[in-house]
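For reference, the structure discussed in these notes is given below.
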Amino acid sequence: MTGKEFVAHVAATIEPLFKASEIQTQTYFRGQPDLDEAIFHFKRRMFNERMNVVEIAKTLATMPASTDTTTLKLLSKQVLDEAKHYDMVKNVIEYLSGKEFTAEELESEFAWQMDEKNLSAKGASLFAEIGGHESELMAAVYQFVAEGRAGRVWNAMATSIADPVVSRTYAKIAKDETFHSTIGARTLERLCDGDAEAQAAVLAVIPKMTERMYWINCMGTSATKEAAELVEQAYGHDLGDAKMAEMGKTWFVPTGEMKDWAPAARGAFKQDATLVDNFAQ
């Protein structure tokens, strides 16, 4: 396959995962979660963005001097975008909770989120697991798949949360993450163009990524049979009743009307736009 054909093949392969993630995310919010529970959920996402700043910056810092300037610009933009996302989710949490983070709270929360037992719940942990630091190919497949799925999940939140501040913020993050996925697609096209060995290496790591990303999404949202069936049929992962119980999850059963979540924010939205506007391109 050419590089373009291969990227299209990978995109079709990961589509069931993306769709399942959308379903479970929208179900979680339309199921009317408790505000404090949702804030906890957003904290995990906030620090995942902080992890992305570090991981992408590490990759950028170790690139050879011969790296093409387009790649340098694209990855540099992504580092800034991820830093903006970290701030944007922090602003949403402070808006919803009515309380600003103190420096001590951020340090304490960061330490807890980065603890090994909590780290695996974040998609960014997969970057190192599949060898993203050592392999340009693995860094590219992570970016294409993980950032693409992130774009779909942020958009699923933006379309199932009926709060203009949260919806607008998450829609902007979704747009950025989808763009980041195209950076990975660009590199995959180059590295996999007519290269059967590179293509095989990418396809070999996809099952691990789809299974981990499904559970990362599932543990932070609502487990639905519709989503599980999509993933089981596409990848053969065991997502039956026994596995769900083992993972501490129960199937979502609606207890009321399924409608977009309209949280009662406890504070006012604030953002620091000094020199950098989070919502600008």
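In the structure tokens, chains take the letters A, B, ... in the order shown, each chain's residues start at 1, and ligands count up from 1 in the order shown.
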
Just want the 10 Å neighbourhood of Thr221 (chain A), counted on only C-alpha atoms, with same-chain residues fewer than 4 positions away dropped. Output as a PyMOL selection string. chain A and resi 21+23-29+33+38+41+215-217+249+252

Need to verify the contact set: Ala280 (chain A), 12 Å, only C-alpha atoms, exclusion of same-chain residues closer than 3 positions in sequence. Can you return it as a PDB file with C-alpha atoms, in the first residue's frame?
```pdb
ATOM      1  CA  LEU A  80       1.422  25.233  22.772  1.00  0.00           C
ATOM      2  CA  ASP A  81      -2.037  23.810  22.049  1.00  0.00           C
ATOM      3  CA  LYS A  84      -3.626  25.899  26.312  1.00  0.00           C
ATOM      4  CA  HIS A  85      -5.855  22.861  26.793  1.00  0.00           C
ATOM      5  CA  THR A 169     -14.255  25.277  25.469  1.00  0.00           C
ATOM      6  CA  LYS A 172     -12.232  24.256  20.600  1.00  0.00           C
ATOM      7  CA  ILE A 173     -10.132  21.519  22.203  1.00  0.00           C
ATOM      8  CA  LYS A 175     -10.842  20.989  16.836  1.00  0.00           C
ATOM      9  CA  ASP A 176      -7.222  21.219  17.978  1.00  0.00           C
ATOM     10  CA  ALA A 273      -5.494  36.017  27.980  1.00  0.00           C
ATOM     11  CA  LEU A 275      -0.254  37.410  25.263  1.00  0.00           C
ATOM     12  CA  VAL A 276      -1.936  34.054  24.517  1.00  0.00           C
ATOM     13  CA  ASP A 277      -5.653  33.709  23.781  1.00  0.00           C
TER      14      ASP A 277
END
```

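Picture a line from CA of Glu147 (chain A) to CA of Ser181 (chain A); it runs 5.0 Å.
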
Which residues, written as a ChimeraX atom specification, have at least one atom at most 12 Å from region 91-104 of chain A, with only C-alpha atoms counted and residues fewer than 4 positions away on the same chain left out? /A:34-47,84-87,108-111,163-170,262-273,278

Residues near Tyr142 (chain A), anyone? I mean within 9 Å using only C-alpha atoms, not counting same-chain ones fewer than 2 positions away, as a PyMOL selection string. chain A and resi 126-127+130+132+137-140+144-147+181+184+209

Residues near Pro207 (chain A), cut-off 12 Å, only C-alpha atoms, skip fewer than 3 positions along chain, as a list in words: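 Selected residues are Val10, Thr13, Ile14, Leu17, Ile130, Val145, Ala201, Val202, Leu203, Ala204, Thr210, Glu211, Arg212, Met213, Tyr214, Val231, Glu232, Ala234, Tyr235, Gly236 and His237 of chain A.
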
Write a file of the just-selected residues containing N, CA and C atoms, as a tab-separated table (two decimals), in the first residue's frame.
```tsv
chain	number	residue	atom	x	y	z
A	10	VAL	N	-5.76	2.38	8.28
A	10	VAL	CA	-5.69	2.51	9.74
A	10	VAL	C	-6.90	3.29	10.25
A	13	THR	N	-9.78	1.09	10.43
A	13	THR	CA	-9.59	0.10	11.49
A	13	THR	C	-9.95	0.67	12.85
A	14	ILE	N	-9.61	1.92	13.11
A	14	ILE	CA	-9.82	2.49	14.44
A	14	ILE	C	-11.18	3.19	14.60
A	17	LEU	N	-13.50	2.01	17.49
A	17	LEU	CA	-13.06	2.51	18.79
A	17	LEU	C	-13.52	3.95	18.99
A	130	ILE	N	4.18	2.24	24.13
A	130	ILE	CA	4.38	1.67	22.78
A	130	ILE	C	5.71	2.11	22.17
A	145	VAL	N	-3.74	8.01	16.20
A	145	VAL	CA	-4.85	7.30	16.84
A	145	VAL	C	-5.32	8.02	18.10
A	201	ALA	N	4.40	-3.20	11.57
A	201	ALA	CA	4.69	-2.75	12.94
A	201	ALA	C	3.55	-1.92	13.49
A	202	VAL	N	2.96	-1.07	12.66
A	202	VAL	CA	1.83	-0.25	13.08
A	202	VAL	C	0.62	-1.13	13.39
A	203	LEU	N	0.31	-2.05	12.49
A	203	LEU	CA	-0.86	-2.92	12.68
A	203	LEU	C	-0.68	-3.83	13.90
A	204	ALA	N	0.57	-4.16	14.23
A	204	ALA	CA	0.83	-5.03	15.38
A	204	ALA	C	0.52	-4.33	16.70
A	210	THR	N	-6.16	-0.16	20.96
A	210	THR	CA	-7.63	-0.15	20.98
A	210	THR	C	-8.17	-0.68	22.31
A	211	GLU	N	-7.53	-1.73	22.85
A	211	GLU	CA	-8.01	-2.28	24.12
A	211	GLU	C	-7.78	-1.30	25.26
A	212	ARG	N	-6.57	-0.75	25.36
A	212	ARG	CA	-6.28	0.20	26.44
A	212	ARG	C	-7.15	1.45	26.33
A	213	MET	N	-7.31	1.97	25.12
A	213	MET	CA	-8.09	3.19	24.95
A	213	MET	C	-9.57	2.95	25.23
A	214	TYR	N	-10.05	1.76	24.92
A	214	TYR	CA	-11.45	1.46	25.25
A	214	TYR	C	-11.63	1.52	26.76
A	231	VAL	N	-16.73	-2.67	19.77
A	231	VAL	CA	-15.30	-2.96	19.99
A	231	VAL	C	-15.01	-4.45	19.92
A	232	GLU	N	-15.89	-5.26	20.51
A	232	GLU	CA	-15.71	-6.72	20.46
A	232	GLU	C	-15.71	-7.23	19.02
A	234	ALA	N	-15.10	-5.58	16.28
A	234	ALA	CA	-14.01	-5.04	15.46
A	234	ALA	C	-12.65	-5.64	15.82
A	235	TYR	N	-12.41	-5.89	17.13
A	235	TYR	CA	-11.06	-6.25	17.57
A	235	TYR	C	-10.98	-7.56	18.34
A	236	GLY	N	-12.11	-8.13	18.72
A	236	GLY	CA	-12.10	-9.39	19.43
A	236	GLY	C	-11.75	-9.29	20.90
A	237	HIS	N	-11.72	-8.09	21.47
A	237	HIS	CA	-11.43	-7.95	22.89
A	237	HIS	C	-12.59	-8.51	23.73
```

Any idea what the distance is between CA of Ile206 (chain A) and CA of Phe18 (chain A)? 13.0 Å

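With only C-alpha atoms as the atoms that count, the residue of A:His133, A:Lys117, A:Gln78, A:Ala11 with the shortest distance to Lys58 (chain A) is A:His133.
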
CA of Thr274 (chain A) and CA of Ala174 (chain A), how far apart in Å? 22.8 Å
